[in-house]
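Heads up, the thing below is written out as structure tokens.
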Amino acid sequence: VHIDKKHILKWINQFNPDDREIVLNELLYILPNSYLTEENTLRIFKNEFEILSKNFGYKSVEKFLDKSRFIDCQKVGKSQKILLEIIRKILLENYNYDIKQCGRKGVENWIYIDDVLASGGTFREDITEEIESFGVKNFKDSNIKIISSFFILHTWAVKNVPFAIEQKFKKDYDIKFEFKERMKFYRVAEIDNNPYYHHYFNSNPR
């Protein structure tokens, strides 16, 4: 989406006239402190591939990628498509590696990239569909690890999403997964939204 004056006016006009100035002032405060430029995004991803390679015991980024594949499951226009295009550029420019070569020596890792893990609903649905498409028993036997990377990650989702996926497959297929071992989360920033704060329960933590 191209952000221009017309786009901003259309967006702000959805609010009550009395609230518009407040909303715009808050946006002007928040945006400079939270907006990730393409330059910063490239830097973050480049560093992350070095970290992932070491964490999972590969001698180089190339060897890690040879055994990994990126999950590409979201519709055009969604953030995942944009991020995968950025990653394609990083791999070519820094490693002379074509993203199409990923997994050419067998797949030991699935890499899931997105901007935010909030409630975890989208991630849960995407991963469930990927496993079912791959074959639930095949996935069970493969020991493939799911490596997910987000710019912003909510801790409550990290705690609950693996358990929710496990319960689904236990109920629907009578198969038990140990996703605490096979599902790893990485992030740039973390939001601790545990709902049991201050001795009360928030059923919809954000």
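Chain labels follow the order of the structure tokens: the first chain is A, the next B, and so on; residue numbering restarts at 1 in every chain, and ligands are counted from 1 in their shown order.
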Taking a cut-off of 10 Å and counting only C-alpha atoms, can you build a table that, for each residue of stretch 91-184 of chain A near stretch 37-49 of chain A, reports the nearest atom pair and how far apart they are in Å (one decimal), sorted by chain then residue number, as JSON lines?
{"residue": "A:Leu91", "atom": "CA", "partner": "A:Lys46", "partner_atom": "CA", "distance": 8.2}
{"residue": "A:Asn94", "atom": "CA", "partner": "A:Lys46", "partner_atom": "CA", "distance": 8.0}
{"residue": "A:Tyr95", "atom": "CA", "partner": "A:Lys46", "partner_atom": "CA", "distance": 9.8}
{"residue": "A:Ser149", "atom": "CA", "partner": "A:Glu48", "partner_atom": "CA", "distance": 9.0}
{"residue": "A:Phe151", "atom": "CA", "partner": "A:Thr41", "partner_atom": "CA", "distance": 9.2}
How would the residues just chosen look if you wrote them out with all heavy atoms as a PDB file, in the first residue's frame?
ATOM      1  N   LEU A  91      19.991 -13.193   1.000  1.00  0.00           N
ATOM      2  CA  LEU A  91      20.733 -14.416   0.694  1.00  0.00           C
ATOM      3  C   LEU A  91      21.581 -14.267  -0.562  1.00  0.00           C
ATOM      4  O   LEU A  91      22.716 -14.753  -0.622  1.00  0.00           O
ATOM      5  CB  LEU A  91      19.765 -15.598   0.561  1.00  0.00           C
ATOM      6  CG  LEU A  91      18.936 -15.946   1.805  1.00  0.00           C
ATOM      7  CD1 LEU A  91      18.109 -17.197   1.554  1.00  0.00           C
ATOM      8  CD2 LEU A  91      19.824 -16.118   3.026  1.00  0.00           C
ATOM      9  N   ASN A  94      24.503 -11.421   0.299  1.00  0.00           N
ATOM     10  CA  ASN A  94      25.475 -11.724   1.348  1.00  0.00           C
ATOM     11  C   ASN A  94      26.085 -13.120   1.251  1.00  0.00           C
ATOM     12  O   ASN A  94      27.199 -13.327   1.738  1.00  0.00           O
ATOM     13  CB  ASN A  94      24.824 -11.555   2.720  1.00  0.00           C
ATOM     14  CG  ASN A  94      24.476 -10.113   3.020  1.00  0.00           C
ATOM     15  OD1 ASN A  94      25.335  -9.312   3.388  1.00  0.00           O
ATOM     16  ND2 ASN A  94      23.220  -9.750   2.849  1.00  0.00           N
ATOM     17  N   TYR A  95      25.353 -14.046   0.639  1.00  0.00           N
ATOM     18  CA  TYR A  95      25.847 -15.417   0.592  1.00  0.00           C
ATOM     19  C   TYR A  95      25.873 -15.995  -0.817  1.00  0.00           C
ATOM     20  O   TYR A  95      26.220 -17.164  -0.988  1.00  0.00           O
ATOM     21  CB  TYR A  95      24.988 -16.307   1.502  1.00  0.00           C
ATOM     22  CG  TYR A  95      24.909 -15.804   2.919  1.00  0.00           C
ATOM     23  CD1 TYR A  95      23.763 -15.155   3.386  1.00  0.00           C
ATOM     24  CD2 TYR A  95      25.990 -15.937   3.795  1.00  0.00           C
ATOM     25  CE1 TYR A  95      23.685 -14.674   4.687  1.00  0.00           C
ATOM     26  CE2 TYR A  95      25.921 -15.458   5.097  1.00  0.00           C
ATOM     27  CZ  TYR A  95      24.767 -14.824   5.531  1.00  0.00           C
ATOM     28  OH  TYR A  95      24.708 -14.339   6.816  1.00  0.00           O
ATOM     29  N   SER A 149      10.305 -16.881  13.392  1.00  0.00           N
ATOM     30  CA  SER A 149      10.968 -15.615  13.680  1.00  0.00           C
ATOM     31  C   SER A 149       9.979 -14.469  13.496  1.00  0.00           C
ATOM     32  O   SER A 149       9.334 -14.366  12.452  1.00  0.00           O
ATOM     33  CB  SER A 149      12.174 -15.437  12.753  1.00  0.00           C
ATOM     34  OG  SER A 149      12.793 -14.201  12.968  1.00  0.00           O
ATOM     35  N   PHE A 151       9.199 -10.074  14.418  1.00  0.00           N
ATOM     36  CA  PHE A 151       9.722  -8.810  14.911  1.00  0.00           C
ATOM     37  C   PHE A 151       9.242  -8.580  16.340  1.00  0.00           C
ATOM     38  O   PHE A 151       9.998  -8.181  17.201  1.00  0.00           O
ATOM     39  CB  PHE A 151       9.269  -7.646  14.020  1.00  0.00           C
ATOM     40  CG  PHE A 151       9.954  -7.627  12.685  1.00  0.00           C
ATOM     41  CD1 PHE A 151       9.229  -7.599  11.519  1.00  0.00           C
ATOM     42  CD2 PHE A 151      11.338  -7.630  12.604  1.00  0.00           C
ATOM     43  CE1 PHE A 151       9.857  -7.590  10.290  1.00  0.00           C
ATOM     44  CE2 PHE A 151      11.977  -7.621  11.373  1.00  0.00           C
ATOM     45  CZ  PHE A 151      11.232  -7.596  10.213  1.00  0.00           C
TER      46      PHE A 151
END
Test item: residues at most 9 Å from A:Asp126, only C-alpha atoms, excluding those fewer than 3 positions along its chain, as JSON, numbers by chain: {"A": [71, 73, 74, 121, 122, 123, 129, 130, 131]}
Counting only C-alpha atoms, the residue of A:Ile99, A:Ile147, A:Leu65, A:Leu153 that sits nearest A:Lys180: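 With only C-alpha atoms as the atom set, the closest residue is A:Ile147.
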Within 10 Å of A:Phe64 using only C-alpha atoms, minus same-chain residues under 3 positions, as a count of residues only: 20
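Note that atom CA of A:Tyr35 and atom CA of A:Ile111 are 23.7 Å apart.
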